[in-house]
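Structure first, then comments.
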Amino acid sequence: MHELAMSHTWVGYASLVIFVIGYYFIAAEEKFHMNKAKPALFIGTFIFMLIGIYFTINGLDPDPLHDEMEKLILEIAEIFFFLFVAMTYIETLIERKVFDVLKYKLVSKGYSYRKLFWITGVLAFFISPVADNLTTALILSTVLFTIDKTNNQFLVPGAINIVVAANAGGAWSPFGDITTLMAWTAGKGEFVDFLFLFPASIAGWLITAWLLARVVPDGQPHFDASLPKAELKPGAKVVIWLGIFTIFTAVMGHQFFHFPAMWGMMFGLSLLKLYSYQLKRKNKNGGFDVFVNMKHVENDTLLFFFGILSAVGALHFLGYLEYIVKLYDIIGPSIGNVGVGVISAIVDNVPVMSAILKADPQMGLDQWLLVTLTAGIGGSLISFGSAAGVGVMGRLRGIYTFGAHMRYAWTIAIGYIVSIAIWYLQFEILGIY
């Protein structure tokens, strides 16, 4: 039975309706005060159960369904464990007062809200190509929150800026975004080829940041000079270096040994645990417990990823994502690739990129780099359209929300258009790549 045929059965229609209803509840998180992980987890698991019922009723061979679910579990596990370790490191850095010290240094210098907005944005753009967009967004949104926990006029544009900068920074590096990594490992371009996306990435982010900066409030965060200076707890600097080494191991392990990135991250977690054991032995009162820090990890963010990737995986199995690829036959690669960016914001850029790579439309290097650019930065258009956005929604719960993001979505759309215009000028007119 061909997958495409399943989209025209009762289970195909029912699954699409369930997905749309579930998506509505995810988007309307503020209205219903329902955590986005709840509807995501329900639709992700329930749709596959419906497909299982359909297979049983029709006496179909369950092996294709079983194989698809096994592949999906592997894909989700890689992201799940990668996130889990990144979040554990961040919680440990918070506990060791790293972000309090960083906040003290930034605020005590008397920087204005606007200057802090630009500092965090620039850091996000240039750290994400090395660290990856999600880890970068999580770290810098934590810095943002420690600077001022109550000023939403500063926190909302600041959070959007970090998400857009992290996604744009990740688009021009094979390590910076999952979709870029997928295109690179699929052999759609050499390592150096992706670096040519730098002008389009930075121009789009700068335009969005400039527009967002106009709504950042005047003044500066309150600084009480009488408060004691923030000090790092024992072992904080070692934890920072262990975190950097963990990301390095994840990247190099994937590059040279073709390990999943989460393998290097889990190795890094083992190092953190061993170090905490050694620190406790040397410093009985100054140590830390990794399991205690794990309690503060946003499990709802992890479960949201599980749910949404499962739901999109189910739609892929039913054949719906194949229709995205059919766009290329009708409207051509350039418009199709621009559309992919918008679709990846609504659905999720990982399965959309996966569907395109599986269909393998005949395109040149310029078009493969365009789809890498649009899938990478297009996710910024909606708050949960990218891993970075989902991570920051978890970190700034109740502040950086779907509604708050959409109020400024027009600034991101303008940046997205500018990025595509720069790509067109560089690749299609000047031929620089």
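Here, A, B, ... name the chains of the structure tokens in the order displayed, residue numbers run from 1 inside each chain, and ligands are numbered from 1 in the same displayed order.
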
For Phe99 of chain A: contacts at 8 Å, only C-alpha atoms, fewer than 5 positions along chain excluded, given as a list in words: Leu93, Ile94, Thr142, Val143 and Thr146 of chain A

Polymer residues at most 7 Å from segment 202-213 of chain A, only C-alpha atoms, same-chain spacing of 6 or more positions, as a list of chain:residue names: A:Arg114, A:Pro157, A:Asn161, A:Val164, A:Ala165, A:Ala168, A:Thr411, A:Ile412, A:Ile414, A:Gly415, A:Tyr416, A:Val418, A:Ser419

Between atom CA of Ala137 of chain A and atom CA of Ser386 of chain A, distance in Å (one decimal):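 Value for the atom CA of Ala137 of chain A-atom CA of Ser386 of chain A distance: 10.8 Å.
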
Might you pull out every residue within 8 Å of Ala388 of chain A, with only C-alpha atoms counted and same-chain residues fewer than 4 positions away left off, and present them as an mmCIF file with all heavy atoms, in the first residue's frame?
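Written out: out02.cif:
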data_model
loop_
_atom_site.group_PDB
_atom_site.id
_atom_site.type_symbol
_atom_site.label_atom_id
_atom_site.label_comp_id
_atom_site.auth_asym_id
_atom_site.auth_seq_id
_atom_site.Cartn_x
_atom_site.Cartn_y
_atom_site.Cartn_z
ATOM 1 N N ASN A 133 22.097 26.219 17.766
ATOM 2 C CA ASN A 133 21.144 27.297 18.044
ATOM 3 C C ASN A 133 20.356 27.088 19.341
ATOM 4 O O ASN A 133 20.057 28.043 20.054
ATOM 5 C CB ASN A 133 20.192 27.519 16.857
ATOM 6 C CG ASN A 133 19.437 26.271 16.446
ATOM 7 O OD1 ASN A 133 19.688 25.183 16.971
ATOM 8 N ND2 ASN A 133 18.520 26.409 15.517
ATOM 9 N N LEU A 134 20.036 25.849 19.663
ATOM 10 C CA LEU A 134 19.225 25.593 20.861
ATOM 11 C C LEU A 134 20.006 25.889 22.141
ATOM 12 O O LEU A 134 19.538 26.626 23.015
ATOM 13 C CB LEU A 134 18.741 24.144 20.865
ATOM 14 C CG LEU A 134 17.997 23.755 22.126
ATOM 15 C CD1 LEU A 134 16.681 24.498 22.244
ATOM 16 C CD2 LEU A 134 17.754 22.277 22.191
ATOM 17 N N THR A 135 21.206 25.311 22.259
ATOM 18 C CA THR A 135 22.026 25.523 23.457
ATOM 19 C C THR A 135 22.311 27.006 23.643
ATOM 20 O O THR A 135 22.221 27.547 24.750
ATOM 21 C CB THR A 135 23.358 24.746 23.346
ATOM 22 O OG1 THR A 135 23.072 23.398 22.999
ATOM 23 C CG2 THR A 135 24.133 24.773 24.636
ATOM 24 N N THR A 136 22.638 27.702 22.541
ATOM 25 C CA THR A 136 22.928 29.134 22.582
ATOM 26 C C THR A 136 21.723 29.927 23.089
ATOM 27 O O THR A 136 21.855 30.787 23.964
ATOM 28 C CB THR A 136 23.323 29.642 21.178
ATOM 29 O OG1 THR A 136 24.434 28.881 20.717
ATOM 30 C CG2 THR A 136 23.672 31.108 21.184
ATOM 31 N N ALA A 137 20.542 29.626 22.531
ATOM 32 C CA ALA A 137 19.320 30.345 22.927
ATOM 33 C C ALA A 137 18.984 30.103 24.396
ATOM 34 O O ALA A 137 18.567 31.025 25.106
ATOM 35 C CB ALA A 137 18.156 29.927 22.032
ATOM 36 N N LEU A 138 19.185 28.874 24.859
ATOM 37 C CA LEU A 138 18.904 28.557 26.260
ATOM 38 C C LEU A 138 19.830 29.334 27.200
ATOM 39 O O LEU A 138 19.385 29.908 28.195
ATOM 40 C CB LEU A 138 19.072 27.047 26.509
ATOM 41 C CG LEU A 138 17.940 26.126 26.035
ATOM 42 C CD1 LEU A 138 18.359 24.682 26.160
ATOM 43 C CD2 LEU A 138 16.671 26.366 26.825
ATOM 44 N N VAL A 163 16.342 34.362 19.760
ATOM 45 C CA VAL A 163 15.861 33.237 18.935
ATOM 46 C C VAL A 163 16.225 33.458 17.469
ATOM 47 O O VAL A 163 16.766 32.566 16.802
ATOM 48 C CB VAL A 163 14.331 33.052 19.096
ATOM 49 C CG1 VAL A 163 13.785 32.062 18.062
ATOM 50 C CG2 VAL A 163 13.994 32.575 20.505
ATOM 51 N N ALA A 166 20.084 33.308 17.023
ATOM 52 C CA ALA A 166 20.589 31.927 17.151
ATOM 53 C C ALA A 166 20.251 31.106 15.908
ATOM 54 O O ALA A 166 21.084 30.341 15.410
ATOM 55 C CB ALA A 166 20.015 31.269 18.402
ATOM 56 N N ASN A 167 19.032 31.269 15.380
ATOM 57 C CA ASN A 167 18.638 30.531 14.171
ATOM 58 C C ASN A 167 19.398 31.019 12.939
ATOM 59 O O ASN A 167 19.815 30.218 12.099
ATOM 60 C CB ASN A 167 17.124 30.659 13.937
ATOM 61 C CG ASN A 167 16.320 29.801 14.891
ATOM 62 O OD1 ASN A 167 16.812 28.811 15.425
ATOM 63 N ND2 ASN A 167 15.077 30.168 15.127
ATOM 64 N N VAL A 392 13.380 28.609 24.519
ATOM 65 C CA VAL A 392 13.211 29.900 25.194
ATOM 66 C C VAL A 392 11.799 30.031 25.773
ATOM 67 O O VAL A 392 11.610 30.625 26.838
ATOM 68 C CB VAL A 392 13.544 31.076 24.236
ATOM 69 C CG1 VAL A 392 13.294 32.426 24.900
ATOM 70 C CG2 VAL A 392 14.999 30.989 23.787
#

Option closest in space to Gly376 of chain A, from A:Ala236, A:Leu272, A:Leu242, A:Ala200 [counting only C-alpha atoms]: A:Ala200

Could you give me, as a tab-separated table, a per-residue list for segment 189-301 of chain A showing, wherever an atom lies at most 12 Å from an atom of segment 357-367 of chain A, the closest pair of atoms and their distance in Å to one decimal, using only C-alpha atoms and sorting by chain then residue number from low to high?
residue	atom	partner	partner_atom	distance
A:Gly189	CA	A:Leu365	CA	6.6
A:Glu190	CA	A:Leu365	CA	9.7
A:Asp193	CA	A:Leu365	CA	8.5
A:Phe194	CA	A:Leu365	CA	9.9
A:Phe196	CA	A:Asp366	CA	10.0
A:Leu197	CA	A:Asp366	CA	10.0

With all heavy atoms retained, write the just-selected residues as a PDB file, in the first residue's frame.
ATOM      1  N   GLY A 189      26.230  19.699   0.043  1.00  0.00           N
ATOM      2  CA  GLY A 189      27.239  20.752  -0.052  1.00  0.00           C
ATOM      3  C   GLY A 189      28.426  20.397   0.819  1.00  0.00           C
ATOM      4  O   GLY A 189      28.293  19.621   1.765  1.00  0.00           O
ATOM      5  N   GLU A 190      29.596  20.934   0.461  1.00  0.00           N
ATOM      6  CA  GLU A 190      30.778  20.733   1.299  1.00  0.00           C
ATOM      7  C   GLU A 190      30.710  21.672   2.508  1.00  0.00           C
ATOM      8  O   GLU A 190      29.928  22.622   2.526  1.00  0.00           O
ATOM      9  CB  GLU A 190      32.045  21.023   0.484  1.00  0.00           C
ATOM     10  CG  GLU A 190      32.250  20.092  -0.708  1.00  0.00           C
ATOM     11  CD  GLU A 190      32.420  18.639  -0.306  1.00  0.00           C
ATOM     12  OE1 GLU A 190      33.056  18.377   0.730  1.00  0.00           O
ATOM     13  OE2 GLU A 190      31.897  17.773  -1.016  1.00  0.00           O
ATOM     14  N   ASP A 193      30.949  25.331   1.665  1.00  0.00           N
ATOM     15  CA  ASP A 193      29.824  25.874   0.892  1.00  0.00           C
ATOM     16  C   ASP A 193      28.811  26.592   1.785  1.00  0.00           C
ATOM     17  O   ASP A 193      28.273  27.639   1.415  1.00  0.00           O
ATOM     18  CB  ASP A 193      29.108  24.757   0.116  1.00  0.00           C
ATOM     19  CG  ASP A 193      29.975  24.180  -0.991  1.00  0.00           C
ATOM     20  OD1 ASP A 193      30.812  24.933  -1.534  1.00  0.00           O
ATOM     21  OD2 ASP A 193      29.821  22.988  -1.310  1.00  0.00           O
ATOM     22  N   PHE A 194      28.553  26.023   2.972  1.00  0.00           N
ATOM     23  CA  PHE A 194      27.542  26.597   3.863  1.00  0.00           C
ATOM     24  C   PHE A 194      27.971  27.953   4.418  1.00  0.00           C
ATOM     25  O   PHE A 194      27.123  28.779   4.761  1.00  0.00           O
ATOM     26  CB  PHE A 194      27.224  25.621   5.007  1.00  0.00           C
ATOM     27  CG  PHE A 194      26.536  24.373   4.535  1.00  0.00           C
ATOM     28  CD1 PHE A 194      27.266  23.229   4.246  1.00  0.00           C
ATOM     29  CD2 PHE A 194      25.168  24.354   4.341  1.00  0.00           C
ATOM     30  CE1 PHE A 194      26.637  22.086   3.782  1.00  0.00           C
ATOM     31  CE2 PHE A 194      24.527  23.221   3.875  1.00  0.00           C
ATOM     32  CZ  PHE A 194      25.262  22.076   3.594  1.00  0.00           C
ATOM     33  N   PHE A 196      29.081  30.343   2.828  1.00  0.00           N
ATOM     34  CA  PHE A 196      28.672  31.395   1.898  1.00  0.00           C
ATOM     35  C   PHE A 196      27.291  31.973   2.244  1.00  0.00           C
ATOM     36  O   PHE A 196      26.872  32.983   1.673  1.00  0.00           O
ATOM     37  CB  PHE A 196      28.686  30.882   0.452  1.00  0.00           C
ATOM     38  CG  PHE A 196      30.062  30.806  -0.143  1.00  0.00           C
ATOM     39  CD1 PHE A 196      30.786  29.619  -0.119  1.00  0.00           C
ATOM     40  CD2 PHE A 196      30.648  31.923  -0.715  1.00  0.00           C
ATOM     41  CE1 PHE A 196      32.067  29.549  -0.653  1.00  0.00           C
ATOM     42  CE2 PHE A 196      31.929  31.868  -1.258  1.00  0.00           C
ATOM     43  CZ  PHE A 196      32.641  30.677  -1.223  1.00  0.00           C
ATOM     44  N   LEU A 197      26.583  31.317   3.156  1.00  0.00           N
ATOM     45  CA  LEU A 197      25.273  31.829   3.590  1.00  0.00           C
ATOM     46  C   LEU A 197      25.410  32.923   4.653  1.00  0.00           C
ATOM     47  O   LEU A 197      24.408  33.490   5.090  1.00  0.00           O
ATOM     48  CB  LEU A 197      24.412  30.680   4.150  1.00  0.00           C
ATOM     49  CG  LEU A 197      23.914  29.650   3.136  1.00  0.00           C
ATOM     50  CD1 LEU A 197      23.233  28.490   3.849  1.00  0.00           C
ATOM     51  CD2 LEU A 197      22.956  30.288   2.127  1.00  0.00           C
TER      52      LEU A 197
END
